[in-house]
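Dumped structure09.txt below, it's compact mmCIF, C-alpha atoms:
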```
# COMPACT_ATOMS: atom_id res chain seq x y z
CA MET A 1 47.83 -34.54 -60.73
CA SER A 2 50.41 -33.46 -63.29
CA VAL A 3 53.15 -31.02 -62.28
CA HIS A 4 55.16 -29.19 -64.92
CA THR A 5 58.89 -28.87 -64.30
CA PRO A 6 60.77 -26.45 -66.60
CA VAL A 7 63.67 -28.64 -67.73
CA THR A 8 63.79 -27.48 -71.34
CA ALA A 9 65.11 -24.19 -72.67
CA ALA A 10 62.76 -21.32 -73.35
CA ALA A 11 61.89 -20.84 -77.02
CA ASN A 12 64.73 -19.18 -78.94
CA ALA A 13 66.71 -18.69 -75.72
CA THR A 14 70.44 -18.02 -75.95
CA ASN A 15 73.32 -18.38 -73.53
CA ASP A 16 73.25 -14.61 -73.03
CA TYR A 17 69.56 -14.76 -72.13
CA TYR A 18 70.19 -17.18 -69.27
CA LEU A 19 73.45 -15.55 -68.14
CA THR A 20 71.75 -12.14 -67.97
CA ARG A 21 68.95 -13.59 -65.87
CA GLN A 22 71.46 -15.37 -63.65
CA ASP A 23 73.31 -12.09 -63.13
CA LYS A 24 70.09 -10.45 -61.95
CA MET A 25 68.88 -13.26 -59.70
CA GLU A 26 72.07 -14.71 -58.17
CA SER A 27 74.71 -13.38 -55.80
CA ASN A 28 78.10 -12.07 -56.89
CA VAL A 29 79.59 -15.21 -55.33
CA ARG A 30 79.05 -17.28 -58.50
CA SER A 31 82.35 -18.08 -60.18
CA TYR A 32 82.25 -20.66 -63.00
CA PRO A 33 79.80 -18.72 -65.22
CA ARG A 34 82.31 -15.86 -65.34
CA LYS A 35 84.92 -18.11 -66.95
CA LEU A 36 82.65 -20.58 -68.72
CA PRO A 37 79.72 -18.44 -69.94
CA LEU A 38 77.20 -20.98 -71.14
CA ALA A 39 73.82 -22.39 -70.16
CA ILE A 40 73.84 -26.18 -70.31
CA ALA A 41 70.90 -27.92 -71.94
CA GLN A 42 72.13 -31.52 -72.19
CA ALA A 43 75.16 -33.61 -71.30
CA GLN A 44 76.38 -37.14 -71.97
CA GLY A 45 79.70 -38.72 -71.08
CA CYS A 46 82.51 -36.24 -71.74
CA TRP A 47 80.27 -33.93 -73.75
CA VAL A 48 78.07 -30.96 -72.87
CA THR A 49 75.59 -29.15 -75.13
CA ASP A 50 74.49 -25.57 -74.46
CA VAL A 51 71.08 -24.05 -75.16
CA GLU A 52 72.30 -22.85 -78.57
CA GLY A 53 73.29 -26.35 -79.65
CA ASN A 54 77.07 -25.93 -79.25
CA GLU A 55 78.85 -29.08 -78.11
CA TYR A 56 81.76 -28.88 -75.67
CA LEU A 57 84.33 -31.43 -74.54
CA ASP A 58 84.15 -31.38 -70.74
CA CYS A 59 87.46 -31.64 -68.88
CA LEU A 60 85.99 -30.15 -65.71
CA ALA A 61 83.34 -32.80 -64.96
CA GLY A 62 81.84 -31.01 -62.00
CA ALA A 63 85.31 -30.32 -60.54
CA GLY A 64 85.88 -34.07 -60.51
CA THR A 65 82.45 -34.97 -59.13
CA LEU A 66 81.27 -36.79 -62.26
CA ALA A 67 83.72 -39.69 -62.24
CA LEU A 68 81.86 -41.55 -64.99
CA GLY A 69 80.97 -38.39 -66.89
CA HIS A 70 77.51 -36.99 -67.46
CA ASN A 71 74.42 -39.19 -67.25
CA HIS A 72 76.25 -42.51 -67.26
CA PRO A 73 73.73 -45.38 -67.44
CA ALA A 74 75.10 -46.81 -64.21
CA THR A 75 74.13 -43.70 -62.27
CA THR A 76 70.88 -42.82 -64.05
CA SER A 77 69.62 -46.40 -63.72
CA ALA A 78 70.37 -46.37 -60.00
CA ILE A 79 68.48 -43.11 -59.52
CA LYS A 80 65.50 -44.36 -61.51
CA ALA A 81 65.44 -47.61 -59.53
CA VAL A 82 65.23 -45.73 -56.24
CA LEU A 83 62.51 -43.43 -57.54
CA ASP A 84 60.48 -46.42 -58.71
CA SER A 85 61.04 -48.45 -55.54
CA GLY A 86 59.06 -46.38 -53.07
CA LEU A 87 62.09 -46.04 -50.79
CA PRO A 88 62.42 -42.69 -48.99
CA LEU A 89 64.78 -40.15 -50.52
CA HIS A 90 65.90 -38.86 -47.15
CA THR A 91 66.47 -40.85 -43.96
CA LEU A 92 68.82 -38.81 -41.72
CA ASP A 93 71.15 -41.59 -40.52
CA ILE A 94 68.51 -44.31 -40.33
CA THR A 95 69.62 -47.28 -42.39
CA THR A 96 67.99 -48.71 -45.51
CA PRO A 97 68.83 -51.64 -47.80
CA ILE A 98 70.56 -49.20 -50.17
CA LYS A 99 72.61 -47.65 -47.41
CA ASP A 100 73.56 -51.09 -46.09
CA ALA A 101 74.78 -52.25 -49.50
CA PHE A 102 76.61 -49.00 -50.22
CA THR A 103 78.33 -49.04 -46.82
CA GLU A 104 79.52 -52.60 -47.29
CA LYS A 105 80.75 -51.84 -50.80
CA LEU A 106 82.65 -48.71 -49.82
CA LEU A 107 84.23 -50.38 -46.78
CA SER A 108 85.57 -53.14 -49.04
CA PHE A 109 88.22 -50.66 -50.23
CA PHE A 110 89.56 -50.18 -46.70
CA PRO A 111 91.13 -52.44 -44.06
CA GLU A 112 88.73 -54.43 -41.88
CA ASN A 113 89.28 -52.16 -38.87
CA PHE A 114 87.61 -49.17 -40.58
CA VAL A 115 84.09 -47.80 -40.17
CA LEU A 116 82.17 -45.12 -42.06
CA GLN A 117 80.70 -41.83 -40.89
CA PHE A 118 78.13 -40.11 -43.09
CA CYS A 119 78.47 -36.33 -42.90
CA GLY A 120 76.67 -33.36 -44.39
CA PRO A 121 76.83 -33.51 -48.19
CA THR A 122 79.97 -31.43 -48.82
CA GLY A 123 83.66 -32.15 -48.60
CA ALA A 124 84.03 -29.11 -46.34
CA ASP A 125 81.72 -30.71 -43.77
CA GLY A 126 83.83 -33.85 -44.01
CA THR A 127 87.04 -32.00 -43.19
CA GLU A 128 85.28 -30.18 -40.36
CA ALA A 129 84.11 -33.52 -38.95
CA ALA A 130 87.55 -35.08 -39.31
CA ILE A 131 89.21 -32.28 -37.38
CA LYS A 132 86.56 -32.35 -34.65
CA LEU A 133 87.07 -36.10 -34.33
CA ALA A 134 90.85 -35.74 -34.07
CA LYS A 135 90.48 -33.14 -31.36
CA THR A 136 87.95 -35.30 -29.54
CA TYR A 137 90.21 -38.35 -29.68
CA THR A 138 93.48 -36.66 -28.71
CA GLY A 139 92.27 -33.90 -26.42
CA ARG A 140 94.65 -31.60 -28.29
CA ASP A 141 93.84 -28.42 -30.22
CA ASN A 142 96.36 -27.71 -32.95
CA VAL A 143 96.28 -28.86 -36.56
CA ILE A 144 99.04 -29.01 -39.16
CA ALA A 145 98.04 -28.22 -42.73
CA PHE A 146 100.11 -27.46 -45.81
CA SER A 147 100.69 -24.50 -48.09
CA GLY A 148 98.79 -24.97 -51.33
CA GLY A 149 96.21 -27.26 -49.73
CA TYR A 150 92.47 -26.89 -50.21
CA HIS A 151 89.96 -28.32 -47.72
CA GLY A 152 86.80 -26.27 -48.24
CA MET A 153 85.29 -22.84 -47.64
CA THR A 154 83.62 -23.12 -44.22
CA HIS A 155 85.34 -21.46 -41.26
CA GLY A 156 87.33 -24.45 -40.06
CA SER A 157 88.15 -25.87 -43.48
CA LEU A 158 89.06 -22.43 -44.82
CA ALA A 159 91.44 -21.99 -41.90
CA MET A 160 93.26 -25.11 -43.13
CA THR A 161 93.29 -23.98 -46.78
CA GLY A 162 96.38 -22.36 -48.22
CA ASN A 163 94.85 -19.82 -50.59
CA LEU A 164 94.83 -16.38 -48.98
CA SER A 165 92.34 -14.55 -51.21
CA ALA A 166 89.29 -16.20 -49.61
CA LYS A 167 90.63 -15.48 -46.11
CA GLU A 168 91.52 -11.82 -46.36
CA LYS A 169 88.03 -10.49 -45.63
CA VAL A 170 86.99 -13.19 -43.15
CA GLY A 171 88.40 -12.79 -39.67
CA ASN A 172 88.44 -15.12 -36.68
CA LEU A 173 88.92 -18.34 -38.59
CA MET A 174 89.66 -21.49 -36.58
CA ALA A 175 92.72 -20.91 -34.44
CA GLY A 176 95.63 -23.29 -33.96
CA VAL A 177 96.43 -24.11 -37.60
CA GLN A 178 100.14 -24.41 -38.33
CA PHE A 179 101.09 -24.40 -42.03
CA MET A 180 104.09 -26.28 -43.32
CA PRO A 181 105.63 -26.35 -46.81
CA TYR A 182 104.42 -28.99 -49.28
CA PRO A 183 106.89 -30.48 -51.77
CA HIS A 184 106.62 -28.99 -55.26
CA GLU A 185 108.63 -30.43 -58.13
CA TYR A 186 108.66 -27.24 -60.22
CA ARG A 187 108.59 -24.58 -57.51
CA CYS A 188 110.37 -26.04 -54.49
CA PRO A 189 109.44 -23.98 -51.40
CA LEU A 190 112.98 -24.35 -50.07
CA GLY A 191 114.61 -23.26 -53.32
CA LEU A 192 116.47 -26.55 -53.66
CA GLY A 193 114.50 -28.46 -56.27
CA GLY A 194 114.66 -32.13 -57.25
CA GLU A 195 115.41 -34.88 -54.76
CA ALA A 196 117.36 -32.46 -52.58
CA GLY A 197 114.18 -30.46 -51.95
CA VAL A 198 112.13 -33.57 -51.20
CA ASP A 199 114.78 -34.92 -48.84
CA ALA A 200 115.03 -31.60 -46.99
CA LEU A 201 111.26 -31.31 -46.55
CA THR A 202 111.05 -34.94 -45.41
CA TYR A 203 113.69 -34.29 -42.77
CA TYR A 204 112.11 -30.96 -41.83
CA PHE A 205 108.71 -32.49 -41.07
CA GLU A 206 110.13 -35.12 -38.71
CA ASN A 207 112.43 -32.63 -37.02
CA PHE A 208 109.62 -30.11 -36.61
CA ILE A 209 107.36 -32.61 -34.84
CA GLU A 210 110.10 -33.94 -32.58
CA ASP A 211 111.94 -30.69 -31.82
CA VAL A 212 111.15 -29.69 -28.23
CA GLU A 213 112.04 -26.10 -29.17
CA SER A 214 109.83 -25.93 -32.29
CA GLY A 215 107.48 -23.49 -30.57
CA VAL A 216 104.40 -25.50 -31.57
CA VAL A 217 102.76 -28.01 -29.25
CA LYS A 218 101.95 -31.47 -30.56
CA PRO A 219 98.94 -31.26 -32.89
CA ALA A 220 95.75 -33.28 -32.82
CA ALA A 221 95.96 -33.93 -36.54
CA VAL A 222 97.84 -33.52 -39.77
CA ILE A 223 95.58 -32.95 -42.79
CA LEU A 224 96.76 -33.08 -46.38
CA GLU A 225 95.98 -34.07 -49.95
CA ALA A 226 98.11 -36.78 -51.57
CA ILE A 227 97.64 -34.75 -54.75
CA GLN A 228 96.90 -31.08 -54.22
CA GLY A 229 94.10 -30.31 -56.66
CA GLU A 230 93.10 -26.65 -56.37
CA GLY A 231 96.71 -25.96 -55.40
CA GLY A 232 97.81 -26.74 -58.96
CA VAL A 233 97.80 -30.56 -59.28
CA VAL A 234 100.87 -31.21 -57.11
CA PRO A 235 101.48 -34.89 -56.25
CA ALA A 236 103.11 -35.70 -52.92
CA PRO A 237 106.45 -37.55 -53.27
CA LYS A 238 106.28 -41.10 -51.97
CA LYS A 239 109.13 -40.83 -49.48
CA TRP A 240 107.76 -37.61 -47.99
CA LEU A 241 104.27 -39.00 -47.53
CA GLN A 242 105.66 -42.19 -46.01
CA LYS A 243 107.64 -40.13 -43.50
CA VAL A 244 104.55 -38.11 -42.58
CA ARG A 245 102.71 -41.39 -41.94
CA GLU A 246 105.59 -42.80 -39.89
CA VAL A 247 105.94 -39.72 -37.70
CA THR A 248 102.22 -39.19 -37.09
CA ALA A 249 101.80 -42.85 -36.12
CA LYS A 250 104.78 -42.67 -33.77
CA HIS A 251 103.36 -39.64 -31.95
CA ASP A 252 99.67 -40.63 -32.01
CA ILE A 253 98.75 -37.74 -34.28
CA VAL A 254 95.67 -38.39 -36.41
CA LEU A 255 96.61 -38.44 -40.10
CA ILE A 256 93.72 -37.19 -42.25
CA LEU A 257 93.88 -37.67 -46.01
CA ASP A 258 91.58 -35.40 -47.99
CA GLU A 259 90.59 -37.52 -51.01
CA VAL A 260 87.60 -35.36 -51.96
CA GLN A 261 88.98 -34.63 -55.43
CA ALA A 262 91.68 -37.26 -55.97
CA GLY A 263 89.68 -40.28 -54.81
CA PHE A 264 87.82 -42.96 -56.74
CA ALA A 265 90.27 -43.99 -59.46
CA ARG A 266 91.06 -40.46 -60.61
CA SER A 267 94.75 -40.77 -59.72
CA GLY A 268 95.23 -44.16 -61.37
CA LYS A 269 94.55 -45.93 -58.07
CA MET A 270 91.36 -46.07 -56.04
CA PHE A 271 92.78 -43.44 -53.68
CA ALA A 272 95.75 -41.18 -54.27
CA PHE A 273 97.41 -42.08 -50.95
CA GLU A 274 97.82 -45.64 -52.27
CA HIS A 275 100.67 -44.43 -54.49
CA ALA A 276 102.71 -44.06 -51.29
CA GLU A 277 101.60 -47.46 -49.91
CA ILE A 278 100.31 -45.96 -46.67
CA ILE A 279 97.07 -46.24 -44.67
CA PRO A 280 95.75 -43.00 -43.12
CA ASP A 281 93.71 -42.82 -39.93
CA VAL A 282 90.83 -40.88 -41.49
CA VAL A 283 89.93 -40.47 -45.17
CA VAL A 284 87.58 -37.70 -46.32
CA MET A 285 85.50 -38.59 -49.39
CA SER A 286 82.98 -36.53 -51.33
CA LYS A 287 82.49 -35.47 -54.97
CA ALA A 288 82.58 -38.81 -56.88
CA VAL A 289 81.51 -40.90 -53.86
CA GLY A 290 77.85 -40.01 -54.49
CA GLY A 291 77.83 -40.69 -58.21
CA GLY A 292 77.48 -36.98 -58.95
CA LEU A 293 74.91 -36.34 -56.21
CA PRO A 294 75.65 -34.65 -52.85
CA LEU A 295 77.28 -37.01 -50.34
CA CYS A 296 80.26 -36.92 -47.98
CA VAL A 297 81.68 -39.87 -46.06
CA LEU A 298 84.58 -40.40 -43.68
CA ALA A 299 86.42 -43.71 -43.45
CA ILE A 300 87.77 -43.98 -39.89
CA ASN A 301 90.13 -46.40 -38.25
CA LYS A 302 88.05 -47.75 -35.34
CA LYS A 303 90.84 -46.80 -32.93
CA PHE A 304 90.04 -43.15 -33.56
CA ASP A 305 86.23 -43.43 -33.54
CA ALA A 306 85.84 -41.36 -30.38
CA TRP A 307 82.43 -39.88 -31.17
CA SER A 308 79.55 -39.88 -28.75
CA PRO A 309 76.15 -40.31 -30.42
CA ALA A 310 75.25 -37.12 -32.36
CA GLY A 311 78.76 -35.74 -31.88
CA HIS A 312 78.62 -34.54 -35.47
CA THR A 313 75.33 -34.48 -37.32
CA GLY A 314 73.87 -33.16 -40.55
CA THR A 315 70.31 -33.25 -41.82
CA PHE A 316 71.24 -34.33 -45.32
CA ARG A 317 73.60 -37.19 -44.45
CA GLY A 318 71.09 -39.79 -45.64
CA ASN A 319 70.89 -39.08 -49.38
CA GLN A 320 69.52 -42.36 -50.74
CA LEU A 321 69.81 -41.35 -54.40
CA ALA A 322 73.50 -40.56 -53.90
CA MET A 323 74.14 -43.87 -52.15
CA ALA A 324 72.48 -45.81 -54.96
CA ALA A 325 74.38 -43.89 -57.63
CA GLY A 326 77.59 -44.16 -55.61
CA TYR A 327 77.18 -47.92 -55.29
CA ASN A 328 76.95 -48.26 -59.06
CA VAL A 329 79.97 -46.00 -59.58
CA LEU A 330 82.02 -48.27 -57.33
CA GLU A 331 80.78 -51.28 -59.29
CA GLU A 332 81.74 -49.65 -62.60
CA ILE A 333 85.20 -48.68 -61.33
CA THR A 334 86.02 -52.22 -60.27
CA LYS A 335 84.23 -54.09 -63.06
CA ASN A 336 85.81 -52.05 -65.86
CA ASN A 337 89.16 -51.36 -64.15
CA LEU A 338 88.69 -47.62 -64.56
CA ALA A 339 91.68 -46.87 -62.34
CA GLU A 340 93.83 -48.42 -65.07
CA ASN A 341 92.01 -46.35 -67.70
CA SER A 342 92.83 -43.25 -65.64
CA ARG A 343 96.47 -44.22 -65.54
CA ILE A 344 96.71 -44.98 -69.25
CA GLN A 345 94.79 -41.96 -70.50
CA GLY A 346 96.51 -39.64 -68.04
CA GLU A 347 99.94 -40.78 -69.14
CA PHE A 348 98.89 -40.28 -72.76
CA LEU A 349 97.69 -36.73 -72.08
CA ARG A 350 100.86 -35.75 -70.21
CA SER A 351 103.06 -37.31 -72.88
CA GLU A 352 101.31 -35.28 -75.58
CA LEU A 353 101.42 -32.11 -73.45
CA ASN A 354 105.14 -32.55 -72.83
CA ARG A 355 105.62 -32.92 -76.56
CA LEU A 356 103.60 -29.76 -77.04
CA SER A 357 105.86 -27.92 -74.58
CA GLU A 358 108.74 -28.39 -77.02
CA THR A 359 106.87 -26.10 -79.41
CA TYR A 360 105.32 -23.76 -76.87
CA GLY A 361 107.78 -22.70 -74.20
CA CYS A 362 104.96 -21.13 -72.18
CA ILE A 363 104.11 -24.66 -71.02
CA GLY A 364 106.59 -24.62 -68.18
CA HIS A 365 105.69 -27.84 -66.41
CA VAL A 366 103.27 -30.73 -66.92
CA ARG A 367 102.48 -32.88 -63.91
CA GLY A 368 99.89 -35.09 -62.26
CA ARG A 369 98.76 -38.67 -61.78
CA GLY A 370 96.01 -40.50 -63.59
CA LEU A 371 93.38 -38.11 -64.89
CA MET A 372 94.52 -35.24 -62.69
CA THR A 373 96.79 -33.14 -64.89
CA GLY A 374 98.23 -29.69 -64.29
CA ILE A 375 99.84 -27.52 -66.96
CA GLU A 376 101.81 -24.64 -65.45
CA ILE A 377 101.87 -21.60 -67.74
CA VAL A 378 105.00 -19.47 -67.59
CA ASP A 379 106.67 -16.52 -69.26
CA GLU A 380 109.64 -18.25 -70.85
CA ARG A 381 110.88 -14.91 -72.22
CA GLN A 382 111.98 -13.93 -68.72
CA PRO A 383 115.06 -15.35 -66.97
CA ALA A 384 114.59 -18.68 -65.19
CA ASP A 385 115.44 -18.92 -61.51
CA HIS A 386 118.33 -20.96 -60.15
CA MET A 387 116.18 -24.12 -60.31
CA GLY A 388 115.38 -23.59 -63.99
CA SER A 389 111.78 -22.50 -63.36
CA TYR A 390 110.35 -19.57 -65.29
CA PRO A 391 108.08 -16.88 -63.80
CA ALA A 392 104.38 -17.74 -63.79
CA ASP A 393 102.17 -16.02 -66.37
CA SER A 394 98.65 -15.64 -64.97
CA VAL A 395 97.50 -13.39 -67.82
CA LEU A 396 98.39 -15.97 -70.45
CA ALA A 397 96.88 -18.79 -68.35
CA ALA A 398 93.57 -16.92 -68.24
CA ALA A 399 93.78 -16.27 -71.98
CA ILE A 400 94.38 -19.98 -72.60
CA GLN A 401 91.32 -20.91 -70.57
CA LYS A 402 89.23 -18.43 -72.56
CA ALA A 403 90.63 -19.72 -75.86
CA CYS A 404 89.85 -23.28 -74.76
CA PHE A 405 86.26 -22.23 -74.12
CA ASP A 406 86.11 -20.60 -77.54
CA ASN A 407 87.32 -23.91 -78.99
CA LYS A 408 84.59 -25.78 -77.08
CA LEU A 409 86.88 -27.22 -74.40
CA LEU A 410 85.81 -26.76 -70.76
CA LEU A 411 88.53 -26.72 -68.12
CA GLU A 412 89.57 -24.88 -64.98
CA ARG A 413 92.66 -23.16 -63.65
CA GLY A 414 94.26 -23.50 -60.23
CA GLY A 415 97.56 -23.10 -58.45
CA ARG A 416 99.17 -19.90 -57.25
CA GLY A 417 97.73 -16.98 -59.15
CA GLY A 418 95.58 -19.29 -61.28
CA THR A 419 98.56 -20.13 -63.49
CA VAL A 420 97.95 -23.87 -63.75
CA VAL A 421 95.51 -25.10 -66.39
CA ARG A 422 93.86 -28.23 -65.00
CA LEU A 423 92.36 -31.27 -66.68
CA LEU A 424 89.83 -33.31 -64.65
CA CYS A 425 88.40 -35.51 -67.39
CA PRO A 426 85.85 -38.22 -66.56
CA ILE A 427 87.67 -41.47 -65.81
CA THR A 428 85.74 -43.09 -68.67
CA ILE A 429 87.39 -40.87 -71.29
CA THR A 430 88.68 -42.67 -74.40
CA THR A 431 91.94 -42.27 -76.29
CA ASP A 432 90.08 -40.67 -79.20
CA GLU A 433 88.57 -38.12 -76.83
CA CYS A 434 92.00 -37.47 -75.28
CA GLN A 435 93.37 -36.80 -78.76
CA GLU A 436 90.56 -34.31 -79.30
CA VAL A 437 91.44 -32.63 -75.99
CA ILE A 438 95.03 -32.19 -77.19
CA ALA A 439 93.94 -30.88 -80.59
CA ARG A 440 91.63 -28.26 -79.06
CA PHE A 441 94.14 -27.31 -76.38
CA THR A 442 96.92 -26.89 -78.95
CA LYS A 443 94.77 -24.54 -81.01
CA ALA A 444 93.81 -22.62 -77.88
CA VAL A 445 97.43 -22.11 -76.80
CA SER A 446 98.33 -20.79 -80.25
CA GLU A 447 95.40 -18.37 -80.27
CA ALA A 448 96.04 -17.19 -76.71
CA LEU A 449 99.69 -16.46 -77.49
CA GLN A 450 98.68 -14.41 -80.49
CA ALA A 451 96.15 -12.47 -78.44
CA VAL A 452 98.38 -11.79 -75.43
CA ARG A 453 101.88 -11.57 -76.84
CA ALA A 454 101.36 -10.35 -80.38
```

If you took the structure in this file and wrote it as structure tokens, what would it be?
Amino acid sequence: MSVHTPVTAAANATNDYYLTRQDKMESNVRSYPRKLPLAIAQAQGCWVTDVEGNEYLDCLAGAGTLALGHNHPATTSAIKAVLDSGLPLHTLDITTPIKDAFTEKLLSFFPENFVLQFCGPTGADGTEAAIKLAKTYTGRDNVIAFSGGYHGMTHGSLAMTGNLSAKEKVGNLMAGVQFMPYPHEYRCPLGLGGEAGVDALTYYFENFIEDVESGVVKPAAVILEAIQGEGGVVPAPKKWLQKVREVTAKHDIVLILDEVQAGFARSGKMFAFEHAEIIPDVVVMSKAVGGGLPLCVLAINKKFDAWSPAGHTGTFRGNQLAMAAGYNVLEEITKNNLAENSRIQGEFLRSELNRLSETYGCIGHVRGRGLMTGIEIVDERQPADHMGSYPADSVLAAAIQKACFDNKLLLERGGRGGTVVRLLCPITITTDECQEVIARFTKAVSEALQAVRA
């Protein structure tokens, strides 16, 4: 029996046709179509084609999910192989040859005393599981998270997320979350800036944990990103992250590293925490781990594996297609040294963007690691603060994103007030494609300035 699946565009359909239908049929919760108003018909590598035949350079890549870009042969061949094999597509947590191979491969990137836990298919479920595990192991309730951090949109993960806009209309989030300041090179939360700010925050964290008059009981866990992604691409300083590791180990506090966005060679190393030469207790992985398909996995130091059977479950934790695709992604990363490509291409992009900032003063700060790059947009016409940082310009940042879209460049914003333009290119991107990114971005900045400040 033949079954027709509508994968091709309707005759003479336009982007507006599909966007109008989407507006009628989907909830107001949708976000990306409001900023990137297109209907995608095809995609390959770093390129996306809409239903009207327009080709875009994709520096969003599924918010970092598509590590190898769109429809990479390594992932499509893995999916086809599973479909042709007769293996089940869904197995709960029952093992299969694919799961066995994927588990062994993923564990090879961790010390021998680590095990894996397969969660529900989202990063948010992974952070929920990690916190539940920390509380189970320690018997304690509190959690320390950091301003600017992003850990998901479910009740517990949202409670640990810095952004306030998603919280304001949702009461009774998980209690016991203590936020602490996260180092920020351009906008130091202590108003010190530079090494003085990093040193003060490093001291503050240790003192806060060990101060018997801090007012906060010892937490079960500390959760953080080694590079804050949604928070505006803010890398953690090495000395600060090393001190966090030292103090949490000393006090038997579970250190959870959220590598959902920064993991899998995006930062120039397999995991972003490796830049600080530390080993966390729990690592949360999603996005790229499933080769572009839904999957979430925890890597857990066996010492902290305090679960009873079924202590945290999820129907869709056995996605065989994602494990097959994820296995091939890991193979591609190691075989082709894609972490090094991330480092090289990321340094090239930031070098060119810094050069561009000499012409356009609205580019206040360029930062990141590997192929995670943040471009903070400022109003350089206003006075700088005592650290030399100019006020953020959210209106211009939004105009730059729109101008990028008009110039067929797809990217996202983040950071406080959406003032940081973010590049999350596939880790397979070439130098020629990076040059094209810079060319289109340069044109977009010029056009946005004319539109907003003329």

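Interatomic distance, atom CA of Asn71 of chain A to atom CA of Thr127 of chain A: 28.1 Å.
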
Problem set entry | Contacts of segment 342-359 of chain A within 9 Å, all atoms listed in the file, excl. fewer than 3 positions in-chain, as a PyMOL selection string | chain A and resi 265-269+338-339+362-375+426-431+434-435+437-438+442

Sorted by chain and rising residue number, list the residues of segment 207-316 of chain A at most 9 Å from segment 167-182 of chain A (counting all atoms listed in the file), each with its closest atom pair and distance in Å to one decimal, as JSON lines.
```
{"residue": "A:Val216", "atom": "CA", "partner": "A:Gln178", "partner_atom": "CA", "distance": 8.1}
{"residue": "A:Pro219", "atom": "CA", "partner": "A:Gly176", "partner_atom": "CA", "distance": 8.7}
{"residue": "A:Val234", "atom": "CA", "partner": "A:Tyr182", "partner_atom": "CA", "distance": 8.9}
{"residue": "A:Ala236", "atom": "CA", "partner": "A:Tyr182", "partner_atom": "CA", "distance": 7.7}
```

Please produce a file of those selected residues containing C-alpha atoms, as a compact mmCIF listing (two decimals), keeping the file's coordinate frame.
```txt
# COMPACT_ATOMS: atom_id res chain seq x y z
CA VAL A 216 104.40 -25.50 -31.57
CA PRO A 219 98.94 -31.26 -32.89
CA VAL A 234 100.87 -31.21 -57.11
CA ALA A 236 103.11 -35.70 -52.92
```

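Nearest residue to Arg422 of chain A, choosing from A:Gly314, A:Gly229, A:Pro73, A:Gly148 and counting all atoms listed in the file: A:Gly229.
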
Exercise. How far is it from atom CA of Glu246 of chain A to atom CA of Tyr150 of chain A, in Å with one decimal?
Worked result: 23.1 Å

Seminar exercise, completed: Pairwise distance, atom CA of Ile256 of chain A with atom CA of Thr315 of chain A, equals 23.7 Å

For this session: Find the residues near Asp84 of chain A: any atom within 12 Å, counting all atoms listed in the file, skip ones fewer than 6 places away on the same chain, and give them as a list in words.
Result: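 Final neighbour list, sorted by chain and number: Ser77, Ala78 and Leu321 of chain A.
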
For this session: Mind checking which residues fall within 12 Å of Asn54 of chain A, counting only C-alpha atoms, ignoring those fewer than 6 positions away in the same chain, and posting them as a list in words?
Result: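 Close residues of Asn54 of chain A: Thr14, Asn15, Leu38, Ala39, Ile40, Ala41, Gln42, Ala43, Trp47, Val48, Phe405, Asp406, Asn407, Lys408 and Leu409 of chain A.
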
Next, write the just-selected residues to a file, as a PDB file, in the frame of the given file, keeping C-alpha atoms as the atom set.
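Below is the file that was written, again-v1.pdb:
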```
ATOM      1  CA  THR A  14      70.440 -18.020 -75.950  1.00  0.00           C
ATOM      2  CA  ASN A  15      73.320 -18.380 -73.530  1.00  0.00           C
ATOM      3  CA  LEU A  38      77.200 -20.980 -71.140  1.00  0.00           C
ATOM      4  CA  ALA A  39      73.820 -22.390 -70.160  1.00  0.00           C
ATOM      5  CA  ILE A  40      73.840 -26.180 -70.310  1.00  0.00           C
ATOM      6  CA  ALA A  41      70.900 -27.920 -71.940  1.00  0.00           C
ATOM      7  CA  GLN A  42      72.130 -31.520 -72.190  1.00  0.00           C
ATOM      8  CA  ALA A  43      75.160 -33.610 -71.300  1.00  0.00           C
ATOM      9  CA  TRP A  47      80.270 -33.930 -73.750  1.00  0.00           C
ATOM     10  CA  VAL A  48      78.070 -30.960 -72.870  1.00  0.00           C
ATOM     11  CA  PHE A 405      86.260 -22.230 -74.120  1.00  0.00           C
ATOM     12  CA  ASP A 406      86.110 -20.600 -77.540  1.00  0.00           C
ATOM     13  CA  ASN A 407      87.320 -23.910 -78.990  1.00  0.00           C
ATOM     14  CA  LYS A 408      84.590 -25.780 -77.080  1.00  0.00           C
ATOM     15  CA  LEU A 409      86.880 -27.220 -74.400  1.00  0.00           C
TER      16      LEU A 409
END
```

For this session: Within 8 Å of Leu295 of chain A, counting all atoms listed in the file, which residues show up once you throw out same-chain ones fewer than 3 positions away? Write them as a list in words, please.
Result: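 Counting only the stated atoms, we get Phe118, Cys119, Gly120, Pro121, Thr122, Ser286, Lys287, Val289, Gly290, Arg317, Asn319, Ala322 and Met323 of chain A.
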
Padding 5 Å on every side, please: axis-aligned box over the listed atoms of segment 255-267 of chain A, centre and edge lengths to one decimal in Å, as AutoDock Vina command-line options.
```
--center_x 92.1 --center_y -39.3 --center_z -50.4 --size_x 19.0 --size_y 19.4 --size_z 30.5
```
